[in-house]
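Chemist: So here's coords.pdb, just PDB, C-alpha atoms, pLDDT in the B column:
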MODEL        1
ATOM      1  CA  MET A 157      -8.959   0.072 -26.879  1.00 41.00           C
ATOM      2  CA  ASP A 158      -8.838  -0.858 -23.161  1.00 46.00           C
ATOM      3  CA  ALA A 159      -6.208  -3.533 -23.851  1.00 49.00           C
ATOM      4  CA  GLN A 160      -3.921  -0.888 -25.378  1.00 45.00           C
ATOM      5  CA  VAL A 161      -4.412   1.416 -22.408  1.00 43.00           C
ATOM      6  CA  SER A 162      -3.886  -1.413 -19.922  1.00 48.00           C
ATOM      7  CA  ALA A 163      -0.664  -2.409 -21.682  1.00 49.00           C
ATOM      8  CA  ALA A 164       0.528   1.208 -21.589  1.00 45.00           C
ATOM      9  CA  VAL A 165       0.316   1.449 -17.776  1.00 50.00           C
ATOM     10  CA  ARG A 166       1.085  -2.188 -16.964  1.00 56.00           C
ATOM     11  CA  PRO A 167       4.041  -2.576 -14.589  1.00 55.00           C
ATOM     12  CA  VAL A 168       7.385  -3.534 -16.055  1.00 66.00           C
ATOM     13  CA  PRO A 169       8.784  -7.027 -15.251  1.00 76.00           C
ATOM     14  CA  TRP A 170      11.070  -5.843 -12.453  1.00 73.00           C
ATOM     15  CA  LEU A 171       8.064  -4.166 -10.849  1.00 73.00           C
ATOM     16  CA  ASP A 172       6.169  -7.462 -10.926  1.00 77.00           C
ATOM     17  CA  LEU A 173       9.154  -9.040  -9.170  1.00 82.00           C
ATOM     18  CA  ALA A 174       9.164  -6.229  -6.587  1.00 79.00           C
ATOM     19  CA  GLU A 175       5.445  -6.829  -5.977  1.00 79.00           C
ATOM     20  CA  LYS A 176       6.127 -10.508  -5.351  1.00 83.00           C
ATOM     21  CA  GLY A 177       8.930  -9.518  -2.988  1.00 86.00           C
ATOM     22  CA  LEU A 178       6.580  -7.246  -1.046  1.00 82.00           C
ATOM     23  CA  GLY A 179       4.097 -10.084  -0.751  1.00 83.00           C
ATOM     24  CA  ALA A 180       6.820 -12.432   0.490  1.00 89.00           C
ATOM     25  CA  ILE A 181       7.987  -9.887   3.075  1.00 89.00           C
ATOM     26  CA  GLY A 182       4.412  -9.516   4.338  1.00 87.00           C
ATOM     27  CA  VAL A 183       3.949 -13.265   4.604  1.00 91.00           C
ATOM     28  CA  ALA A 184       7.292 -13.597   6.420  1.00 93.00           C
ATOM     29  CA  ALA A 185       6.325 -10.871   8.905  1.00 92.00           C
ATOM     30  CA  LEU A 186       2.988 -12.562   9.555  1.00 92.00           C
ATOM     31  CA  ALA A 187       4.675 -15.940  10.006  1.00 94.00           C
ATOM     32  CA  PHE A 188       7.198 -14.362  12.394  1.00 94.00           C
ATOM     33  CA  SER A 189       4.341 -12.933  14.463  1.00 92.00           C
ATOM     34  CA  VAL A 190       2.537 -16.264  14.680  1.00 93.00           C
ATOM     35  CA  ILE A 191       5.722 -18.133  15.618  1.00 93.00           C
ATOM     36  CA  TYR A 192       6.868 -15.532  18.141  1.00 92.00           C
ATOM     37  CA  VAL A 193       3.474 -15.393  19.843  1.00 91.00           C
ATOM     38  CA  GLY A 194       3.413 -19.197  19.894  1.00 92.00           C
ATOM     39  CA  ILE A 195       6.844 -19.235  21.542  1.00 92.00           C
ATOM     40  CA  ALA A 196       5.694 -16.618  24.052  1.00 90.00           C
ATOM     41  CA  VAL A 197       2.568 -18.604  24.951  1.00 91.00           C
ATOM     42  CA  ALA A 198       4.519 -21.840  25.265  1.00 91.00           C
ATOM     43  CA  GLY A 199       7.254 -20.010  27.177  1.00 89.00           C
ATOM     44  CA  THR A 200       4.852 -18.793  29.836  1.00 87.00           C
ATOM     45  CA  LEU A 201       4.043 -22.414  30.648  1.00 89.00           C
ATOM     46  CA  VAL A 202       7.686 -23.141  31.467  1.00 89.00           C
ATOM     47  CA  GLY A 203       8.667 -19.678  32.718  1.00 85.00           C
ATOM     48  CA  LEU A 204      10.759 -18.594  29.712  1.00 86.00           C
ATOM     49  CA  VAL A 205       9.191 -15.595  28.012  1.00 84.00           C
ATOM     50  CA  PRO A 206      10.981 -14.140  24.925  1.00 88.00           C
ATOM     51  CA  PRO A 207      11.976 -10.476  25.188  1.00 90.00           C
ATOM     52  CA  ASP A 208       9.743  -7.651  23.991  1.00 88.00           C
ATOM     53  CA  GLU A 209       7.080  -9.884  22.479  1.00 87.00           C
ATOM     54  CA  ASP A 210       4.475  -7.136  22.176  1.00 86.00           C
ATOM     55  CA  LEU A 211       6.926  -4.718  20.566  1.00 89.00           C
ATOM     56  CA  LEU A 212       8.322  -7.181  18.025  1.00 90.00           C
ATOM     57  CA  VAL A 213       4.892  -8.435  17.027  1.00 90.00           C
ATOM     58  CA  ALA A 214       3.613  -4.840  16.759  1.00 89.00           C
ATOM     59  CA  GLU A 215       6.516  -3.926  14.472  1.00 90.00           C
ATOM     60  CA  ALA A 216       5.875  -7.030  12.357  1.00 91.00           C
ATOM     61  CA  MET A 217       2.230  -5.985  12.048  1.00 91.00           C
ATOM     62  CA  VAL A 218       3.384  -2.597  10.743  1.00 89.00           C
ATOM     63  CA  VAL A 219       5.072  -4.517   7.931  1.00 89.00           C
ATOM     64  CA  VAL A 220       1.924  -6.583   7.305  1.00 90.00           C
ATOM     65  CA  ALA A 221      -0.415  -3.569   7.375  1.00 88.00           C
ATOM     66  CA  PHE A 222       1.537  -0.842   5.601  1.00 88.00           C
ATOM     67  CA  LEU A 223       4.192  -2.296   3.335  1.00 84.00           C
ATOM     68  CA  PRO A 224       1.780  -3.981   0.884  1.00 84.00           C
ATOM     69  CA  GLN A 225      -0.287  -0.834   0.209  1.00 86.00           C
ATOM     70  CA  TRP A 226       1.138  -0.756  -3.323  1.00 81.00           C
ATOM     71  CA  LEU A 227      -0.159  -4.272  -3.918  1.00 80.00           C
ATOM     72  CA  LEU A 228      -3.590  -3.524  -2.502  1.00 81.00           C
ATOM     73  CA  VAL A 229      -4.181  -0.570  -4.781  1.00 83.00           C
ATOM     74  CA  ARG A 230      -2.564  -2.010  -7.926  1.00 78.00           C
ATOM     75  CA  ARG A 231      -4.435  -5.290  -7.662  1.00 74.00           C
ATOM     76  CA  ARG A 232      -7.662  -3.561  -6.595  1.00 72.00           C
ATOM     77  CA  ARG A 233      -7.802  -5.432  -3.291  1.00 66.00           C
ATOM     78  CA  HIS A 234      -8.622  -2.350  -1.264  1.00 66.00           C
ATOM     79  CA  VAL A 235     -12.085  -1.709   0.125  1.00 66.00           C
ATOM     80  CA  ALA A 236     -14.426  -0.589  -2.651  1.00 67.00           C
ATOM     81  CA  VAL A 237     -18.186  -0.560  -2.875  1.00 67.00           C
ATOM     82  CA  GLU A 238     -19.214  -1.049  -6.487  1.00 72.00           C
ATOM     83  CA  ALA A 239     -22.737  -2.394  -6.161  1.00 73.00           C
ATOM     84  CA  LEU A 240     -24.326   0.808  -7.468  1.00 77.00           C
ATOM     85  CA  THR A 241     -21.578   2.036  -9.779  1.00 77.00           C
ATOM     86  CA  ARG A 242     -21.692  -1.058 -11.991  1.00 79.00           C
ATOM     87  CA  ALA A 243     -25.145   0.005 -13.196  1.00 81.00           C
ATOM     88  CA  LEU A 244     -23.951   3.487 -14.209  1.00 85.00           C
ATOM     89  CA  PRO A 245     -22.861   4.444 -17.734  1.00 88.00           C
ATOM     90  CA  ALA A 246     -19.190   3.905 -18.641  1.00 84.00           C
ATOM     91  CA  GLY A 247     -18.431   7.639 -18.649  1.00 85.00           C
ATOM     92  CA  VAL A 248     -19.757   8.076 -15.136  1.00 87.00           C
ATOM     93  CA  GLN A 249     -17.803   5.023 -13.990  1.00 85.00           C
ATOM     94  CA  ARG A 250     -14.595   6.535 -15.409  1.00 87.00           C
ATOM     95  CA  ALA A 251     -15.326   9.841 -13.677  1.00 89.00           C
ATOM     96  CA  LEU A 252     -15.841   7.959 -10.413  1.00 87.00           C
ATOM     97  CA  ASP A 253     -12.568   6.074 -11.005  1.00 88.00           C
ATOM     98  CA  VAL A 254     -10.781   9.411 -11.389  1.00 91.00           C
ATOM     99  CA  PHE A 255     -12.471  10.741  -8.247  1.00 92.00           C
ATOM    100  CA  ALA A 256     -11.537   7.604  -6.291  1.00 89.00           C
ATOM    101  CA  ALA A 257      -7.915   7.886  -7.424  1.00 91.00           C
ATOM    102  CA  LEU A 258      -7.841  11.545  -6.375  1.00 95.00           C
ATOM    103  CA  CYS A 259      -9.303  10.636  -2.976  1.00 94.00           C
ATOM    104  CA  GLY A 260      -6.663   7.916  -2.592  1.00 93.00           C
ATOM    105  CA  ILE A 261      -3.924  10.366  -3.538  1.00 96.00           C
ATOM    106  CA  ALA A 262      -5.190  12.844  -0.937  1.00 97.00           C
ATOM    107  CA  ALA A 263      -5.497  10.186   1.782  1.00 95.00           C
ATOM    108  CA  TYR A 264      -2.110   8.572   1.121  1.00 95.00           C
ATOM    109  CA  GLY A 265      -0.514  12.006   0.792  1.00 96.00           C
ATOM    110  CA  ILE A 266      -1.836  13.279   4.113  1.00 97.00           C
ATOM    111  CA  LEU A 267      -1.080  10.033   5.956  1.00 96.00           C
ATOM    112  CA  GLY A 268       2.352   9.843   4.325  1.00 96.00           C
ATOM    113  CA  TRP A 269       3.176  13.379   5.373  1.00 97.00           C
ATOM    114  CA  ALA A 270       2.191  12.629   8.983  1.00 97.00           C
ATOM    115  CA  ALA A 271       4.179   9.374   8.896  1.00 96.00           C
ATOM    116  CA  TRP A 272       7.184  11.246   7.506  1.00 97.00           C
ATOM    117  CA  ILE A 273       7.031  13.715  10.402  1.00 97.00           C
ATOM    118  CA  ALA A 274       6.898  10.823  12.899  1.00 95.00           C
ATOM    119  CA  PHE A 275       9.818   9.099  11.146  1.00 96.00           C
ATOM    120  CA  ASP A 276      11.844  12.315  11.025  1.00 96.00           C
ATOM    121  CA  ARG A 277      11.344  12.947  14.745  1.00 96.00           C
ATOM    122  CA  ALA A 278      12.293   9.359  15.630  1.00 94.00           C
ATOM    123  CA  TRP A 279      15.367   9.525  13.381  1.00 95.00           C
ATOM    124  CA  LEU A 280      16.612  12.884  14.658  1.00 94.00           C
ATOM    125  CA  SER A 281      15.984  12.118  18.320  1.00 94.00           C
ATOM    126  CA  GLY A 282      17.363   8.590  18.127  1.00 90.00           C
ATOM    127  CA  SER A 283      14.412   7.405  20.194  1.00 89.00           C
ATOM    128  CA  LEU A 284      14.342   3.854  21.466  1.00 87.00           C
ATOM    129  CA  TYR A 285      11.549   1.575  22.551  1.00 87.00           C
ATOM    130  CA  ILE A 286      11.860   0.865  26.232  1.00 85.00           C
ATOM    131  CA  GLY A 287      12.298  -2.838  26.834  1.00 83.00           C
ATOM    132  CA  GLU A 288      14.899  -5.549  27.094  1.00 87.00           C
ATOM    133  CA  LEU A 289      16.098  -5.131  23.504  1.00 87.00           C
ATOM    134  CA  GLU A 290      15.959  -1.305  23.331  1.00 87.00           C
ATOM    135  CA  LEU A 291      15.085  -1.238  19.648  1.00 88.00           C
ATOM    136  CA  MET A 292      15.306   1.941  17.595  1.00 91.00           C
ATOM    137  CA  ALA A 293      11.911   3.467  16.795  1.00 90.00           C
ATOM    138  CA  TRP A 294      12.716   4.795  13.314  1.00 93.00           C
ATOM    139  CA  PRO A 295      12.795   1.534  11.255  1.00 92.00           C
ATOM    140  CA  GLY A 296       9.114   0.799  11.858  1.00 90.00           C
ATOM    141  CA  ARG A 297       8.201   4.398  11.131  1.00 93.00           C
ATOM    142  CA  LEU A 298      10.235   4.267   7.915  1.00 94.00           C
ATOM    143  CA  LEU A 299       8.321   1.161   6.821  1.00 92.00           C
ATOM    144  CA  VAL A 300       5.058   3.068   7.301  1.00 93.00           C
ATOM    145  CA  VAL A 301       6.392   5.894   5.120  1.00 95.00           C
ATOM    146  CA  ILE A 302       7.520   3.432   2.439  1.00 93.00           C
ATOM    147  CA  GLY A 303       4.169   1.630   2.477  1.00 92.00           C
ATOM    148  CA  LEU A 304       2.185   4.859   2.223  1.00 94.00           C
ATOM    149  CA  ALA A 305       4.473   6.139  -0.559  1.00 94.00           C
ATOM    150  CA  GLY A 306       3.775   2.900  -2.420  1.00 90.00           C
ATOM    151  CA  GLY A 307       0.035   3.395  -1.982  1.00 91.00           C
ATOM    152  CA  LEU A 308       0.370   6.978  -3.227  1.00 94.00           C
ATOM    153  CA  ALA A 309       2.344   5.854  -6.278  1.00 91.00           C
ATOM    154  CA  ALA A 310      -0.239   3.167  -7.044  1.00 90.00           C
ATOM    155  CA  CYS A 311      -3.060   5.730  -6.797  1.00 92.00           C
ATOM    156  CA  LEU A 312      -1.164   7.982  -9.193  1.00 94.00           C
ATOM    157  CA  LEU A 313      -0.925   5.068 -11.642  1.00 90.00           C
ATOM    158  CA  GLU A 314      -4.648   4.390 -11.181  1.00 90.00           C
ATOM    159  CA  LEU A 315      -5.361   8.033 -11.964  1.00 93.00           C
ATOM    160  CA  LEU A 316      -3.192   7.775 -15.080  1.00 92.00           C
ATOM    161  CA  ARG A 317      -5.026   4.593 -16.097  1.00 88.00           C
ATOM    162  CA  ALA A 318      -8.448   6.164 -15.570  1.00 87.00           C
ATOM    163  CA  VAL A 319      -7.570   9.365 -17.429  1.00 89.00           C
ATOM    164  CA  THR A 320      -5.848   7.606 -20.348  1.00 87.00           C
ATOM    165  CA  ALA A 321      -8.691   5.079 -20.621  1.00 78.00           C
ATOM    166  CA  GLY A 322     -11.164   7.935 -20.939  1.00 66.00           C
ATOM    167  CA  ALA A 323      -8.982   9.779 -23.443  1.00 64.00           C
ATOM    168  CA  ALA A 324      -8.370   6.643 -25.538  1.00 64.00           C
ATOM    169  CA  ARG A 325     -12.074   5.797 -25.575  1.00 63.00           C
ATOM    170  CA  ALA A 326     -12.993   9.374 -26.584  1.00 60.00           C
ATOM    171  CA  GLU A 327     -10.373   9.303 -29.347  1.00 62.00           C
ATOM    172  CA  GLY A 328     -11.721   6.004 -30.651  1.00 60.00           C
ATOM    173  CA  GLN A 329     -15.256   7.366 -30.663  1.00 57.00           C
ATOM    174  CA  ALA A 330     -14.123  10.481 -32.543  1.00 58.00           C
ATOM    175  CA  ARG A 331     -12.456   8.329 -35.216  1.00 63.00           C
ATOM    176  CA  GLU A 332     -15.576   6.207 -35.613  1.00 62.00           C
ATOM    177  CA  GLY A 333     -17.797   9.264 -35.603  1.00 59.00           C
ATOM    178  CA  GLY A 334     -19.999   7.692 -32.929  1.00 54.00           C
ATOM    179  CA  THR A 335     -21.431   9.094 -29.765  1.00 52.00           C
ATOM    180  CA  GLY A 336     -20.384   6.170 -27.588  1.00 47.00           C
ATOM    181  CA  ARG A 337     -23.934   5.073 -26.763  1.00 45.00           C
TER     182      ARG A 337
ENDMDL
END
What do you get writing this file as structure tokens?
Modeler:
Amino acid sequence: MDAQVSAAVRPVPWLDLAEKGLGAIGVAALAFSVIYVGIAVAGTLVGLVPPDEDLLVAEAMVVVAFLPQWLLVRRRRHVAVEALTRALPAGVQRALDVFAALCGIAAYGILGWAAWIAFDRAWLSGSLYIGELELMAWPGRLLVVIGLAGGLAACLLELLRAVTAGAARAEGQAREGGTGR
């Protein structure tokens, strides 16, 4: 029964490719940060410091922290404490899965709304980061919105998975005439 439900909400092939792309973008941003900081440290020894090191590394960390939210939720790599819930009955575990998905939806929704407001203000005002490069502020804010929207979408899929798993299991029990114990 669970295999049928899992297959029903499993991502389509292009979505798997998009997930791999998100992972590659995160790795590239992390590698950029390491290389750029290395250049900055080495540059201070010879008196050649690259421009806006702190800003560029901070923007790369936005990519590393927010863009892969979809992956974290879909692959269940987010912070979860399951030490006690594993001992609970399957029905209670499903109810807790639904509750966790709803909490994730609320958190990603609220954070996404706040991030959207910050992006909108940066976009409309055309604000720039003060520094040698004078970078626009909105691209980093847009990446936060995209990452949080991905986390929200993944939580919605988790809610769908939890609800359909419970419904499929209840339907199977009704057909068998069992109580599920």
Chemist: Using the chain letters and numbers from the file, give me the residues hit by the PyMOL selection byres ((chain A and resi 261-278) around 12), as a VMD selection string.
Modeler: chain A and resid 222 225 to 226 229 254 to 260 279 to 285 291 to 316
Chemist: Under the rule that all atoms listed in the file are counted, which of A:Leu244, A:Gly287, A:Ile191, A:Thr320 is the nearest residue to Asp208 (chain A)?
Modeler: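 Checking each candidate against Asp208 (chain A), we get A:Gly287 as the closest.
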Chemist: Which residues would end up in the selection if the PyMOL selection byres ((chain A and resi 186) around 10) were applied here, given that I need the answer as a PDB file with C-alpha atoms, in the coordinates of the input?
Modeler:
ATOM      1  CA  ALA A 180       6.820 -12.432   0.490  1.00 89.00           C
ATOM      2  CA  ILE A 181       7.987  -9.887   3.075  1.00 89.00           C
ATOM      3  CA  GLY A 182       4.412  -9.516   4.338  1.00 87.00           C
ATOM      4  CA  VAL A 183       3.949 -13.265   4.604  1.00 91.00           C
ATOM      5  CA  ALA A 184       7.292 -13.597   6.420  1.00 93.00           C
ATOM      6  CA  ALA A 185       6.325 -10.871   8.905  1.00 92.00           C
ATOM      7  CA  ALA A 187       4.675 -15.940  10.006  1.00 94.00           C
ATOM      8  CA  PHE A 188       7.198 -14.362  12.394  1.00 94.00           C
ATOM      9  CA  SER A 189       4.341 -12.933  14.463  1.00 92.00           C
ATOM     10  CA  VAL A 190       2.537 -16.264  14.680  1.00 93.00           C
ATOM     11  CA  ILE A 191       5.722 -18.133  15.618  1.00 93.00           C
ATOM     12  CA  TYR A 192       6.868 -15.532  18.141  1.00 92.00           C
ATOM     13  CA  VAL A 213       4.892  -8.435  17.027  1.00 90.00           C
ATOM     14  CA  ALA A 216       5.875  -7.030  12.357  1.00 91.00           C
ATOM     15  CA  MET A 217       2.230  -5.985  12.048  1.00 91.00           C
ATOM     16  CA  VAL A 219       5.072  -4.517   7.931  1.00 89.00           C
ATOM     17  CA  VAL A 220       1.924  -6.583   7.305  1.00 90.00           C
ATOM     18  CA  ALA A 221      -0.415  -3.569   7.375  1.00 88.00           C
TER      19      ALA A 221
END
Chemist: So how far away is CA of Ile286 (chain A) from CA of Val218 (chain A), in Å?
Modeler: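 Straight-line distance from CA of Val218 (chain A) to CA of Ile286 (chain A) works out to 18.0 Å.
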Chemist: Counting only C-alpha atoms, what are the residues of region 215-262 of chain A within 10 Å of region 169-177 of chain A, and for each of them which pair of atoms is the nearest and at what distance in Å, to one decimal? Sort the table by chain and rising number, as JSON lines.
Modeler:
{"residue": "A:Pro224", "atom": "CA", "partner": "A:Glu175", "partner_atom": "CA", "distance": 8.3}
{"residue": "A:Trp226", "atom": "CA", "partner": "A:Glu175", "partner_atom": "CA", "distance": 7.9}
{"residue": "A:Leu227", "atom": "CA", "partner": "A:Glu175", "partner_atom": "CA", "distance": 6.5}
{"residue": "A:Arg230", "atom": "CA", "partner": "A:Glu175", "partner_atom": "CA", "distance": 9.5}
Chemist: Which value, in Å to one decimal, gives the distance between CA of Leu223 (chain A) and CA of Leu252 (chain A)?
Modeler: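 Interatomic distance, CA of Leu223 (chain A) to CA of Leu252 (chain A): 26.4 Å.
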Chemist: What does the distance between CA of Val197 (chain A) and CA of Gly179 (chain A) come to in Å, to one decimal place?
Modeler: 27.1 Å
Chemist: Which residues are near Gln249 (chain A)? Cut-off 12 Å, all atoms listed in the file, ignore same chain within fewer than 3 positions. Put them as a PyMOL selection string.
Modeler: chain A and resi 238-246+252-256+318-319+321-322
Chemist: Is it possible to get the axis-aligned box enclosing region 166-183 of chain A (all listed atoms, 4 Å extra per side) as lines of an AutoDock Vina configuration file, with centre and edge lengths in Å rounded to one decimal?
Modeler:
center_x = 6.1
center_y = -7.7
center_z = -6.2
size_x = 18.0
size_y = 19.1
size_z = 29.6
